[in-house]
file data30.pdb (PDB, C-alpha atoms)
ATOM      1  CA  MET A  21     -31.842  11.683   7.754
ATOM      2  CA  GLY A  22     -30.198  10.542  10.994
ATOM      3  CA  ARG A  23     -29.025   7.327   9.375
ATOM      4  CA  ARG A  24     -27.295   9.182   6.574
ATOM      5  CA  ARG A  25     -25.353  11.248   9.148
ATOM      6  CA  TRP A  26     -23.920   8.200  10.968
ATOM      7  CA  PRO A  27     -20.990   7.416   8.612
ATOM      8  CA  ALA A  28     -19.700  10.976   8.705
ATOM      9  CA  LEU A  29     -20.108  11.188  12.482
ATOM     10  CA  LEU A  30     -18.351   7.888  13.107
ATOM     11  CA  LEU A  31     -15.591   8.731  10.662
ATOM     12  CA  GLY A  32     -14.830  11.786  12.761
ATOM     13  CA  LEU A  33     -15.102   9.909  16.054
ATOM     14  CA  LEU A  34     -12.883   6.951  15.212
ATOM     15  CA  PRO A  35      -9.535   8.805  15.348
ATOM     16  CA  LEU A  36     -10.579  10.564  18.579
ATOM     17  CA  LEU A  37     -11.574   7.308  20.261
ATOM     18  CA  ALA A  38      -8.419   5.617  18.999
ATOM     19  CA  ALA A  39      -6.356   8.446  20.473
ATOM     20  CA  ALA A  40      -8.162   7.904  23.763
ATOM     21  CA  GLY A  41      -6.965   4.307  23.807
ATOM     22  CA  GLU A  42      -9.859   2.580  22.080
ATOM     23  CA  PRO A  43      -8.438   0.156  19.486
ATOM     24  CA  PHE A  44     -10.233   0.569  16.169
ATOM     25  CA  PRO A  45      -8.984  -1.653  13.362
ATOM     26  CA  ALA A  46      -7.564   0.051  10.305
ATOM     27  CA  ILE A  47      -7.104  -0.903   6.689
ATOM     28  CA  ALA A  48      -5.120   0.523   3.810
ATOM     29  CA  VAL A  49      -6.371  -0.030   0.263
ATOM     30  CA  ILE A  50      -3.793   0.425  -2.488
ATOM     31  CA  ILE A  51      -4.875   0.702  -6.104
ATOM     32  CA  ASP A  52      -1.992  -0.426  -8.317
ATOM     33  CA  ASP A  53      -1.317  -0.079 -12.046
ATOM     34  CA  ILE A  54      -2.617   3.482 -12.418
ATOM     35  CA  GLY A  55      -1.269   5.504 -15.331
ATOM     36  CA  ASP A  56      -1.992   3.772 -18.606
ATOM     37  CA  ASN A  57      -5.763   4.287 -18.757
ATOM     38  CA  LEU A  58      -7.100   7.772 -18.042
ATOM     39  CA  GLU A  59     -10.760   6.818 -17.548
ATOM     40  CA  PHE A  60     -10.176   4.091 -14.988
ATOM     41  CA  GLY A  61      -7.281   5.967 -13.428
ATOM     42  CA  ALA A  62      -9.538   8.976 -12.842
ATOM     43  CA  ARG A  63     -12.117   6.733 -11.151
ATOM     44  CA  ALA A  64      -9.395   5.246  -8.956
ATOM     45  CA  VAL A  65      -8.089   8.607  -7.729
ATOM     46  CA  ALA A  66     -11.686   9.721  -7.062
ATOM     47  CA  LEU A  67     -12.563   6.737  -4.855
ATOM     48  CA  PRO A  68     -14.111   7.744  -1.510
ATOM     49  CA  GLY A  69     -11.806   7.970   1.477
ATOM     50  CA  ALA A  70      -8.084   7.645   2.019
ATOM     51  CA  VAL A  71      -7.277   5.162  -0.744
ATOM     52  CA  THR A  72      -3.577   5.058  -1.658
ATOM     53  CA  CYS A  73      -2.828   5.374  -5.388
ATOM     54  CA  ALA A  74       0.170   3.522  -6.854
ATOM     55  CA  LEU A  75       1.219   4.875 -10.250
ATOM     56  CA  LEU A  76       3.327   3.191 -12.904
ATOM     57  CA  PRO A  77       6.287   5.333 -14.051
ATOM     58  CA  HIS A  78       6.686   6.583 -17.605
ATOM     59  CA  THR A  79       3.016   5.935 -18.417
ATOM     60  CA  ALA A  80       0.919   8.366 -20.434
ATOM     61  CA  HIS A  81      -1.162   9.690 -17.556
ATOM     62  CA  ALA A  82       0.989   9.051 -14.451
ATOM     63  CA  ALA A  83       1.918  12.672 -13.745
ATOM     64  CA  GLN A  84      -1.604  13.993 -14.392
ATOM     65  CA  LEU A  85      -3.262  11.349 -12.217
ATOM     66  CA  ALA A  86      -0.685  11.776  -9.436
ATOM     67  CA  GLU A  87      -1.495  15.492  -9.394
ATOM     68  CA  GLU A  88      -5.220  14.731  -9.299
ATOM     69  CA  ALA A  89      -4.810  12.148  -6.543
ATOM     70  CA  HIS A  90      -2.845  14.668  -4.486
ATOM     71  CA  ARG A  91      -5.574  17.296  -4.982
ATOM     72  CA  ASN A  92      -8.126  14.726  -3.823
ATOM     73  CA  GLY A  93      -6.181  14.150  -0.602
ATOM     74  CA  LYS A  94      -4.939  10.714  -1.663
ATOM     75  CA  GLU A  95      -1.500   9.382  -0.818
ATOM     76  CA  VAL A  96       0.587   8.649  -3.917
ATOM     77  CA  MET A  97       3.062   5.813  -4.406
ATOM     78  CA  LEU A  98       5.486   4.799  -7.137
ATOM     79  CA  HIS A  99       4.437   1.369  -8.438
ATOM     80  CA  LEU A 100       7.956   0.266  -9.280
ATOM     81  CA  PRO A 101       8.283  -2.259 -12.149
ATOM     82  CA  MET A 102      10.603  -5.188 -11.473
ATOM     83  CA  GLU A 103      11.568  -8.243 -13.450
ATOM     84  CA  SER A 104       9.377 -11.297 -12.871
ATOM     85  CA  GLU A 105      10.326 -14.956 -12.986
ATOM     86  CA  ASP A 106       7.713 -15.783 -15.663
ATOM     87  CA  GLY A 107       9.210 -13.458 -18.269
ATOM     88  CA  ARG A 108       6.256 -11.065 -18.525
ATOM     89  CA  ASP A 109       7.120  -7.492 -19.506
ATOM     90  CA  PRO A 110       6.895  -5.252 -16.403
ATOM     91  CA  GLY A 111       6.734  -2.156 -18.587
ATOM     92  CA  PRO A 112       8.975   0.891 -18.905
ATOM     93  CA  GLY A 113      11.406   1.679 -16.113
ATOM     94  CA  ALA A 114      11.755  -1.923 -14.939
ATOM     95  CA  LEU A 115      14.522  -2.970 -12.562
ATOM     96  CA  THR A 116      16.186  -6.150 -13.821
ATOM     97  CA  LEU A 117      18.791  -8.593 -12.579
ATOM     98  CA  ASP A 118      21.244  -7.801 -15.367
ATOM     99  CA  MET A 119      21.637  -4.180 -14.212
ATOM    100  CA  SER A 120      24.700  -2.939 -12.431
ATOM    101  CA  ARG A 121      24.144  -1.111  -9.154
ATOM    102  CA  ASP A 122      24.547   2.248 -10.902
ATOM    103  CA  GLU A 123      22.058   1.301 -13.643
ATOM    104  CA  PHE A 124      19.629  -0.033 -11.058
ATOM    105  CA  LEU A 125      19.679   3.149  -8.976
ATOM    106  CA  ARG A 126      19.640   5.471 -11.982
ATOM    107  CA  THR A 127      16.556   3.670 -13.317
ATOM    108  CA  PHE A 128      14.840   3.894  -9.940
ATOM    109  CA  ARG A 129      15.545   7.618  -9.665
ATOM    110  CA  ASP A 130      14.265   8.214 -13.196
ATOM    111  CA  ASP A 131      11.097   6.262 -12.361
ATOM    112  CA  LEU A 132      10.527   8.249  -9.196
ATOM    113  CA  ALA A 133      10.866  11.536 -11.045
ATOM    114  CA  THR A 134       7.851  10.688 -13.217
ATOM    115  CA  VAL A 135       5.447  10.276 -10.262
ATOM    116  CA  PRO A 136       4.926  13.568  -8.373
ATOM    117  CA  TYR A 137       4.152  13.492  -4.643
ATOM    118  CA  ALA A 138       5.259   9.874  -4.171
ATOM    119  CA  ALA A 139       5.365   9.052  -0.460
ATOM    120  CA  GLY A 140       6.393   5.449  -0.912
ATOM    121  CA  VAL A 141       7.164   2.571  -3.258
ATOM    122  CA  ASN A 142       5.722  -0.854  -3.923
ATOM    123  CA  ASN A 143       6.772  -3.467  -6.455
ATOM    124  CA  HIS A 144       4.974  -4.095  -9.749
ATOM    125  CA  MET A 145       5.533  -7.772 -10.623
ATOM    126  CA  GLY A 146       9.074  -8.412  -9.334
ATOM    127  CA  SER A 147       8.824 -12.072  -8.384
ATOM    128  CA  LEU A 148      12.427 -12.478  -9.594
ATOM    129  CA  VAL A 149      13.988  -9.276  -8.242
ATOM    130  CA  THR A 150      12.316  -9.185  -4.819
ATOM    131  CA  ARG A 151      13.891 -12.526  -3.908
ATOM    132  CA  GLN A 152      17.412 -11.101  -4.404
ATOM    133  CA  PRO A 153      18.998  -9.728  -1.197
ATOM    134  CA  GLY A 154      21.630  -7.770  -3.105
ATOM    135  CA  GLN A 155      19.246  -5.846  -5.337
ATOM    136  CA  MET A 156      16.809  -5.288  -2.488
ATOM    137  CA  ALA A 157      19.645  -3.900  -0.381
ATOM    138  CA  TRP A 158      20.503  -1.440  -3.191
ATOM    139  CA  LEU A 159      16.895  -0.231  -3.235
ATOM    140  CA  MET A 160      16.443  -0.042   0.529
ATOM    141  CA  HIS A 161      19.696   1.820   1.091
ATOM    142  CA  GLU A 162      18.564   4.357  -1.507
ATOM    143  CA  LEU A 163      15.213   4.748   0.273
ATOM    144  CA  ARG A 164      17.045   5.067   3.594
ATOM    145  CA  ARG A 165      19.402   7.673   2.126
ATOM    146  CA  ARG A 166      16.465   9.749   0.933
ATOM    147  CA  GLY A 167      14.719   9.426   4.283
ATOM    148  CA  ASP A 168      11.256  10.298   2.955
ATOM    149  CA  LEU A 169       9.935   7.116   1.318
ATOM    150  CA  TYR A 170       8.418   3.936   2.719
ATOM    151  CA  PHE A 171       8.264   0.503   1.077
ATOM    152  CA  VAL A 172       5.347  -1.893   0.665
ATOM    153  CA  ASP A 173       6.135  -5.474  -0.266
ATOM    154  CA  SER A 174       3.409  -6.495  -2.723
ATOM    155  CA  ARG A 175       4.444 -10.120  -2.119
ATOM    156  CA  THR A 176       4.246 -11.384  -5.670
ATOM    157  CA  THR A 177       6.314 -14.389  -4.554
ATOM    158  CA  ARG A 178       6.549 -16.295  -1.292
ATOM    159  CA  ALA A 179      10.328 -16.176  -1.690
ATOM    160  CA  THR A 180      10.453 -12.386  -1.355
ATOM    161  CA  VAL A 181      13.088 -10.921   0.940
ATOM    162  CA  ALA A 182      12.055  -7.309   0.302
ATOM    163  CA  GLN A 183      10.387  -6.632   3.641
ATOM    164  CA  ARG A 184      13.165  -8.348   5.585
ATOM    165  CA  ILE A 185      15.792  -6.179   3.897
ATOM    166  CA  ALA A 186      13.654  -3.081   4.510
ATOM    167  CA  GLU A 187      13.525  -3.974   8.221
ATOM    168  CA  GLU A 188      17.277  -4.523   8.348
ATOM    169  CA  THR A 189      17.874  -1.189   6.624
ATOM    170  CA  VAL A 190      15.405   0.632   8.921
ATOM    171  CA  VAL A 191      13.111   1.692   6.089
ATOM    172  CA  PRO A 192       9.454   2.188   7.134
ATOM    173  CA  ASN A 193       7.577  -0.707   5.571
ATOM    174  CA  LEU A 194       4.701  -3.109   5.564
ATOM    175  CA  ARG A 195       3.433  -6.024   3.486
ATOM    176  CA  ARG A 196       0.353  -6.718   1.430
ATOM    177  CA  ASP A 197      -2.111  -9.022   3.185
ATOM    178  CA  VAL A 198      -4.829  -9.424   0.543
ATOM    179  CA  PHE A 199      -5.137  -9.142  -3.216
ATOM    180  CA  LEU A 200      -8.713  -8.013  -3.834
ATOM    181  CA  ASP A 201      -9.122  -8.886  -7.478
ATOM    182  CA  ASP A 202      -6.917 -11.748  -8.622
ATOM    183  CA  VAL A 203     -10.314 -13.051  -9.748
ATOM    184  CA  GLN A 204     -12.232 -10.237 -11.427
ATOM    185  CA  ASP A 205     -15.647 -11.227 -10.170
ATOM    186  CA  GLU A 206     -17.800  -9.269  -7.729
ATOM    187  CA  GLU A 207     -18.421 -12.137  -5.331
ATOM    188  CA  ALA A 208     -14.724 -13.092  -5.331
ATOM    189  CA  ILE A 209     -13.786  -9.479  -4.587
ATOM    190  CA  ALA A 210     -16.404  -9.349  -1.815
ATOM    191  CA  ARG A 211     -14.892 -12.485  -0.234
ATOM    192  CA  GLN A 212     -11.423 -10.949  -0.312
ATOM    193  CA  PHE A 213     -12.747  -7.703   1.158
ATOM    194  CA  ARG A 214     -14.394  -9.598   4.024
ATOM    195  CA  ARG A 215     -11.076 -11.372   4.593
ATOM    196  CA  LEU A 216      -9.324  -7.986   4.710
ATOM    197  CA  LEU A 217     -11.711  -6.699   7.395
ATOM    198  CA  ALA A 218     -11.381  -9.918   9.406
ATOM    199  CA  LEU A 219      -7.575  -9.638   9.362
ATOM    200  CA  ALA A 220      -7.781  -5.997  10.454
ATOM    201  CA  ARG A 221     -10.053  -6.904  13.358
ATOM    202  CA  ARG A 222      -7.760  -9.755  14.384
ATOM    203  CA  HIS A 223      -4.431  -7.938  14.065
ATOM    204  CA  GLY A 224      -5.362  -4.258  14.339
ATOM    205  CA  SER A 225      -4.578  -3.425  10.718
ATOM    206  CA  ALA A 226      -4.378  -5.009   7.288
ATOM    207  CA  VAL A 227      -3.398  -3.985   3.762
ATOM    208  CA  ALA A 228      -5.118  -4.795   0.471
ATOM    209  CA  ILE A 229      -4.053  -4.252  -3.114
ATOM    210  CA  GLY A 230      -6.543  -3.894  -5.936
ATOM    211  CA  HIS A 231      -6.417  -2.685  -9.512
ATOM    212  CA  PRO A 232      -8.342  -0.188 -11.630
ATOM    213  CA  HIS A 233     -10.675  -2.785 -13.136
ATOM    214  CA  ALA A 234     -14.299  -1.756 -13.659
ATOM    215  CA  VAL A 235     -15.620  -4.429 -11.280
ATOM    216  CA  THR A 236     -13.107  -3.522  -8.544
ATOM    217  CA  LEU A 237     -13.796   0.197  -8.790
ATOM    218  CA  ALA A 238     -17.576  -0.297  -8.722
ATOM    219  CA  PHE A 239     -17.277  -2.530  -5.651
ATOM    220  CA  LEU A 240     -15.086  -0.067  -3.768
ATOM    221  CA  GLU A 241     -17.270   2.904  -4.722
ATOM    222  CA  ARG A 242     -20.133   1.136  -2.936
ATOM    223  CA  GLN A 243     -18.292  -0.414  -0.010
ATOM    224  CA  LEU A 244     -15.754   2.165   1.163
ATOM    225  CA  PRO A 245     -18.420   4.616   2.457
ATOM    226  CA  THR A 246     -19.775   1.836   4.728
ATOM    227  CA  LEU A 247     -16.521   1.232   6.628
ATOM    228  CA  ALA A 248     -17.131   3.779   9.377
ATOM    229  CA  VAL A 249     -20.411   2.175  10.482
ATOM    230  CA  GLN A 250     -18.531  -1.139  10.659
ATOM    231  CA  GLY A 251     -15.973   0.394  13.019
ATOM    232  CA  ILE A 252     -13.148   0.270  10.474
ATOM    233  CA  GLN A 253     -10.760   3.114   9.667
ATOM    234  CA  LEU A 254      -9.558   3.542   6.085
ATOM    235  CA  LEU A 255      -6.105   5.121   6.319
ATOM    236  CA  PRO A 256      -3.251   6.007   3.972
ATOM    237  CA  VAL A 257      -0.415   3.513   3.930
ATOM    238  CA  SER A 258       1.872   5.878   5.861
ATOM    239  CA  ASP A 259      -0.616   6.019   8.749
ATOM    240  CA  VAL A 260      -0.933   2.233   8.873
ATOM    241  CA  ILE A 261       2.862   1.988   9.016
ATOM    242  CA  ARG A 262       2.838   4.367  11.985
ATOM    243  CA  LEU A 263       0.108   2.316  13.686
ATOM    244  CA  GLN A 264       2.091  -0.885  13.224
ATOM    245  CA  GLN A 265       5.282   0.749  14.485
ATOM    246  CA  ALA A 266       3.458   2.068  17.561
ATOM    247  CA  ALA A 267       1.957  -1.366  18.234
ATOM    248  CA  ALA A 268       5.402  -2.961  17.948
ATOM    249  CA  ARG A 269       6.903  -0.422  20.366
ATOM    250  CA  GLN A 270       4.093  -1.042  22.835
ATOM    251  CA  HIS A 271       4.572  -4.801  22.546
ATOM    252  CA  TYR A 272       8.291  -4.573  23.295
ATOM    253  CA  ALA A 273       7.686  -2.088  26.100
ATOM    254  CA  VAL A 274       5.291  -4.371  27.975
ATOM    255  CA  ALA A 275       7.011  -7.669  27.162
ATOM    256  CA  PRO A 276       9.544  -7.566  30.067
ATOM    257  CA  ALA A 277       6.740  -7.033  32.585
ATOM    258  CA  SER A 278       5.197 -10.343  31.542
ATOM    259  CA  ILE A 279       8.324 -12.273  32.518
ATOM    260  CA  ALA A 280       7.966 -13.798  35.979
ATOM    261  CA  THR A 281      10.721 -12.993  38.476
ATOM    262  CA  PRO A 282      12.023 -15.666  40.874
TER
END
call {"tool": "encode", "arguments": {"input": "data30.pdb", "output": "structure tokens"}}
result
Amino acid sequence: MGRRRWPALLLGLLPLLAAAGEPFPAIAVIIDDIGDNLEFGARAVALPGAVTCALLPHTAHAAQLAEEAHRNGKEVMLHLPMESEDGRDPGPGALTLDMSRDEFLRTFRDDLATVPYAAGVNNHMGSLVTRQPGQMAWLMHELRRRGDLYFVDSRTTRATVAQRIAEETVVPNLRRDVFLDDVQDEEAIARQFRRLLALARRHGSAVAIGHPHAVTLAFLERQLPTLAVQGIQLLPVSDVIRLQQAAARQHYAVAPASIATP
């Protein structure tokens, strides 16, 4: 009986110890591509802990699943379709290079309106659009104007400039560190999950993206309840952004003291 109580006890203690100055590594787990399939979408929004749910706009079940995620205490994101360099169809509501600025922003606003409770945005596909400083500046200035949305760079291309433009525009942001399920195999997902935890322990936090595949959901249903006993916090994306911002402020605050004076 005592063993079964440990995860709940540690889950409550971790934020208190972190507030007291004890550094506990944190992860965010984003589940992308929610909205088309109700069965797997419902499993995704019911995952244990503070998983962040990224919903595709204009899909059959996006609004319903966003409402359910919100009721379950999950953070909701708009999974924003963008044109890719390989010509694949990103789906309805995609931002493309042939759009004018007005078309681009109107499409984004229409997309956002279909996903209730969205706290942030990440790109769906977008290996072509996220490498364009002009289009990324349009998006980030719109996020900055609204003042209530963060951005996560899914990093679907190494040439992405999305996070850099977000930084320049002072939009709260972070980047994806790990894709959990590029290979939809349990052992491959387990390897990526171990990599995620190792990065969090090394850097203080790390961000993973997965998808509502049966094998991914089954793995996370088993593994997420074990994080507390491993000394890992599972946090919403917005909390990880705040942790990273606080760490950056602390770094810059102490940096001058490390410079030797003559």
call {"tool": "atom_distance", "arguments": {"input": "data30.pdb", "atom1": "atom CA of A:Leu200", "atom2": "atom CA of A:Glu187"}}
result
25.6 Å
call {"tool": "closest_residue", "arguments": {"input": "data30.pdb", "among": "A:Asp53, A:Asp202, A:Glu123, A:Asp197", "to": "A:Leu217", "atoms": "all atoms listed in the file"}}
result
A:Asp197
call {"tool": "residues_around", "arguments": {"input": "data30.pdb", "residues": "A:Ala220", "least_positions_apart": "3", "cutoff": "8 Å", "atoms": "all atoms listed in the file", "output": "ChimeraX atom specification"}}
result
/A:45-47,216-217,223-226
call {"tool": "atom_distance", "arguments": {"input": "data30.pdb", "atom1": "atom CA of A:Val260", "atom2": "atom CA of A:Val235"}}
result
25.8 Å
call {"tool": "atom_distance", "arguments": {"input": "data30.pdb", "atom1": "atom CA of A:Asp52", "atom2": "atom CA of A:Val203"}}
result
15.2 Å
call {"tool": "residues_around", "arguments": {"input": "data30.pdb", "residues": "A:His233", "least_positions_apart": "2", "cutoff": "8 Å", "atoms": "all atoms listed in the file", "output": "compact mmCIF listing (two decimals) with C-alpha atoms, in the frame of the given file"}}
result
# COMPACT_ATOMS: atom_id res chain seq x y z
CA PHE A 60 -10.18 4.09 -14.99
CA GLN A 204 -12.23 -10.24 -11.43
CA HIS A 231 -6.42 -2.68 -9.51
CA VAL A 235 -15.62 -4.43 -11.28
CA THR A 236 -13.11 -3.52 -8.54
CA LEU A 237 -13.80 0.20 -8.79
call {"tool": "resolve_selection", "arguments": {"input": "data30.pdb", "expression": "the PyMOL selection byres ((chain A and resi 58) around 12)", "output": "PyMOL selection string"}}
result
chain A and resi 53-57+59-65+75+79-86+88+232
call {"tool": "write_last_selection", "arguments": {"input": "data30.pdb", "atoms": "C-alpha atoms", "output": "mmCIF file, keeping the file's coordinate frame"}}
result
data_model
loop_
_atom_site.group_PDB
_atom_site.id
_atom_site.type_symbol
_atom_site.label_atom_id
_atom_site.label_comp_id
_atom_site.auth_asym_id
_atom_site.auth_seq_id
_atom_site.Cartn_x
_atom_site.Cartn_y
_atom_site.Cartn_z
ATOM 1 C CA ASP A 53 -1.317 -0.079 -12.046
ATOM 2 C CA ILE A 54 -2.617 3.482 -12.418
ATOM 3 C CA GLY A 55 -1.269 5.504 -15.331
ATOM 4 C CA ASP A 56 -1.992 3.772 -18.606
ATOM 5 C CA ASN A 57 -5.763 4.287 -18.757
ATOM 6 C CA GLU A 59 -10.760 6.818 -17.548
ATOM 7 C CA PHE A 60 -10.176 4.091 -14.988
ATOM 8 C CA GLY A 61 -7.281 5.967 -13.428
ATOM 9 C CA ALA A 62 -9.538 8.976 -12.842
ATOM 10 C CA ARG A 63 -12.117 6.733 -11.151
ATOM 11 C CA ALA A 64 -9.395 5.246 -8.956
ATOM 12 C CA VAL A 65 -8.089 8.607 -7.729
ATOM 13 C CA LEU A 75 1.219 4.875 -10.250
ATOM 14 C CA THR A 79 3.016 5.935 -18.417
ATOM 15 C CA ALA A 80 0.919 8.366 -20.434
ATOM 16 C CA HIS A 81 -1.162 9.690 -17.556
ATOM 17 C CA ALA A 82 0.989 9.051 -14.451
ATOM 18 C CA ALA A 83 1.918 12.672 -13.745
ATOM 19 C CA GLN A 84 -1.604 13.993 -14.392
ATOM 20 C CA LEU A 85 -3.262 11.349 -12.217
ATOM 21 C CA ALA A 86 -0.685 11.776 -9.436
ATOM 22 C CA GLU A 88 -5.220 14.731 -9.299
ATOM 23 C CA PRO A 232 -8.342 -0.188 -11.630
#
call {"tool": "residues_around", "arguments": {"input": "data30.pdb", "residues": "A:Val257", "least_positions_apart": "4", "cutoff": "9 Å", "atoms": "all atoms listed in the file", "output": "JSON list (two decimals) with C-alpha atoms, keeping the file's coordinate frame"}}
result
[["chain", "number", "residue", "atom", "x", "y", "z"],
["A", 47, "ILE", "CA", -7.10, -0.90, 6.69],
["A", 48, "ALA", "CA", -5.12, 0.52, 3.81],
["A", 49, "VAL", "CA", -6.37, -0.03, 0.26],
["A", 50, "ILE", "CA", -3.79, 0.42, -2.49],
["A", 70, "ALA", "CA", -8.08, 7.64, 2.02],
["A", 71, "VAL", "CA", -7.28, 5.16, -0.74],
["A", 72, "THR", "CA", -3.58, 5.06, -1.66],
["A", 95, "GLU", "CA", -1.50, 9.38, -0.82],
["A", 140, "GLY", "CA", 6.39, 5.45, -0.91],
["A", 170, "TYR", "CA", 8.42, 3.94, 2.72],
["A", 172, "VAL", "CA", 5.35, -1.89, 0.66],
["A", 194, "LEU", "CA", 4.70, -3.11, 5.56],
["A", 227, "VAL", "CA", -3.40, -3.98, 3.76],
["A", 261, "ILE", "CA", 2.86, 1.99, 9.02],
["A", 262, "ARG", "CA", 2.84, 4.37, 11.98]]
call {"tool": "closest_residue", "arguments": {"input": "data30.pdb", "among": "A:Arg175, A:Arg129, A:Arg165, A:Arg221", "to": "A:Ser104", "atoms": "all atoms listed in the file"}}
result
A:Arg175
call {"tool": "closest_residue", "arguments": {"input": "data30.pdb", "among": "A:Gly251, A:Pro245, A:Gly167, A:Gly230", "to": "A:Ile51", "atoms": "all atoms listed in the file"}}
result
A:Gly230
call {"tool": "resolve_selection", "arguments": {"input": "data30.pdb", "expression": "the PyMOL selection byres ((chain A and resi 149) around 7)", "output": "list in words"}}
result
Met102, Glu103, Ser104, Thr116, Leu117, Gly146, Ser147, Leu148, Thr150, Arg151, Gln152 and Gln155 of chain A
call {"tool": "closest_residue", "arguments": {"input": "data30.pdb", "among": "A:Phe199, A:Thr246, A:Leu115, A:Leu169", "to": "A:Arg215", "atoms": "all atoms listed in the file"}}
result
A:Phe199
call {"tool": "residues_around", "arguments": {"input": "data30.pdb", "residues": "A:Asp130", "least_positions_apart": "5", "cutoff": "10 Å", "atoms": "all atoms listed in the file", "output": "VMD selection string"}}
result
chain A and resid 77 to 78 113 125 135
call {"tool": "residues_around", "arguments": {"input": "data30.pdb", "residues": "stretch 159-161 of chain A", "least_positions_apart": "6", "cutoff": "7 Å", "atoms": "all atoms listed in the file", "output": "VMD selection string"}}
result
chain A and resid 186 189 191
call {"tool": "closest_residue", "arguments": {"input": "data30.pdb", "among": "A:Asp118, A:Asp106, A:Glu87, A:Glu162", "to": "A:Tyr137", "atoms": "all atoms listed in the file"}}
result
A:Glu87
call {"tool": "closest_residue", "arguments": {"input": "data30.pdb", "among": "A:Thr176, A:Thr134, A:Thr127, A:Gln250", "to": "A:Phe44", "atoms": "all atoms listed in the file"}}
result
A:Gln250
call {"tool": "residues_near_point", "arguments": {"input": "data30.pdb", "point": "(-15.7, -3.1, 1.5)", "cutoff": "6 Å", "atoms": "all atoms listed in the file", "output": "number ranges by chain"}}
result
A: 213, 243-244
call {"tool": "write_last_selection", "arguments": {"input": "data30.pdb", "atoms": "C-alpha atoms", "output": "CSV table (one decimal), in the coordinates of the input"}}
result
chain,number,residue,atom,x,y,z
A,213,PHE,CA,-12.7,-7.7,1.2
A,243,GLN,CA,-18.3,-0.4,0.0
A,244,LEU,CA,-15.8,2.2,1.2
call {"tool": "decode", "arguments": {"input": "data30.pdb", "residues": "stretch 125-140 of chain A", "atoms": "N, CA and C atoms", "output": "PDB file, in the first residue's frame"}}
result
ATOM      1  N   LEU A 125      -2.893  36.120 -42.205  1.00  0.00           N
ATOM      2  CA  LEU A 125      -3.397  36.412 -40.862  1.00  0.00           C
ATOM      3  C   LEU A 125      -4.874  36.061 -40.720  1.00  0.00           C
ATOM      4  N   ARG A 126      -5.651  36.270 -41.766  1.00  0.00           N
ATOM      5  CA  ARG A 126      -7.062  35.897 -41.713  1.00  0.00           C
ATOM      6  C   ARG A 126      -7.216  34.378 -41.546  1.00  0.00           C
ATOM      7  N   THR A 127      -6.385  33.624 -42.251  1.00  0.00           N
ATOM      8  CA  THR A 127      -6.427  32.160 -42.129  1.00  0.00           C
ATOM      9  C   THR A 127      -6.034  31.734 -40.729  1.00  0.00           C
ATOM     10  N   PHE A 128      -4.979  32.337 -40.198  1.00  0.00           N
ATOM     11  CA  PHE A 128      -4.564  32.007 -38.828  1.00  0.00           C
ATOM     12  C   PHE A 128      -5.680  32.295 -37.826  1.00  0.00           C
ATOM     13  N   ARG A 129      -6.304  33.449 -37.946  1.00  0.00           N
ATOM     14  CA  ARG A 129      -7.367  33.802 -36.994  1.00  0.00           C
ATOM     15  C   ARG A 129      -8.563  32.861 -37.121  1.00  0.00           C
ATOM     16  N   ASP A 130      -8.893  32.471 -38.339  1.00  0.00           N
ATOM     17  CA  ASP A 130      -9.972  31.500 -38.536  1.00  0.00           C
ATOM     18  C   ASP A 130      -9.609  30.153 -37.911  1.00  0.00           C
ATOM     19  N   ASP A 131      -8.366  29.728 -38.077  1.00  0.00           N
ATOM     20  CA  ASP A 131      -7.907  28.475 -37.475  1.00  0.00           C
ATOM     21  C   ASP A 131      -8.041  28.525 -35.951  1.00  0.00           C
ATOM     22  N   LEU A 132      -7.578  29.617 -35.382  1.00  0.00           N
ATOM     23  CA  LEU A 132      -7.578  29.754 -33.933  1.00  0.00           C
ATOM     24  C   LEU A 132      -8.997  29.707 -33.375  1.00  0.00           C
ATOM     25  N   ALA A 133      -9.929  30.247 -34.116  1.00  0.00           N
ATOM     26  CA  ALA A 133     -11.315  30.291 -33.643  1.00  0.00           C
ATOM     27  C   ALA A 133     -11.944  28.911 -33.541  1.00  0.00           C
ATOM     28  N   THR A 134     -11.368  27.914 -34.202  1.00  0.00           N
ATOM     29  CA  THR A 134     -11.945  26.569 -34.172  1.00  0.00           C
ATOM     30  C   THR A 134     -11.409  25.712 -33.025  1.00  0.00           C
ATOM     31  N   VAL A 135     -10.446  26.239 -32.264  1.00  0.00           N
ATOM     32  CA  VAL A 135      -9.827  25.468 -31.174  1.00  0.00           C
ATOM     33  C   VAL A 135     -10.003  26.238 -29.867  1.00  0.00           C
ATOM     34  N   PRO A 136     -11.079  25.958 -29.123  1.00  0.00           N
ATOM     35  CA  PRO A 136     -11.310  26.677 -27.855  1.00  0.00           C
ATOM     36  C   PRO A 136     -10.172  26.447 -26.866  1.00  0.00           C
ATOM     37  N   TYR A 137      -9.938  27.460 -26.039  1.00  0.00           N
ATOM     38  CA  TYR A 137      -8.995  27.401 -24.915  1.00  0.00           C
ATOM     39  C   TYR A 137      -7.527  27.325 -25.346  1.00  0.00           C
ATOM     40  N   ALA A 138      -7.224  27.615 -26.612  1.00  0.00           N
ATOM     41  CA  ALA A 138      -5.828  27.514 -27.037  1.00  0.00           C
ATOM     42  C   ALA A 138      -4.958  28.504 -26.267  1.00  0.00           C
ATOM     43  N   ALA A 139      -3.889  27.965 -25.662  1.00  0.00           N
ATOM     44  CA  ALA A 139      -2.932  28.788 -24.928  1.00  0.00           C
ATOM     45  C   ALA A 139      -1.690  29.073 -25.748  1.00  0.00           C
ATOM     46  N   GLY A 140      -1.522  28.326 -26.832  1.00  0.00           N
ATOM     47  CA  GLY A 140      -0.335  28.483 -27.649  1.00  0.00           C
ATOM     48  C   GLY A 140      -0.526  27.840 -29.001  1.00  0.00           C
TER      49      GLY A 140
END
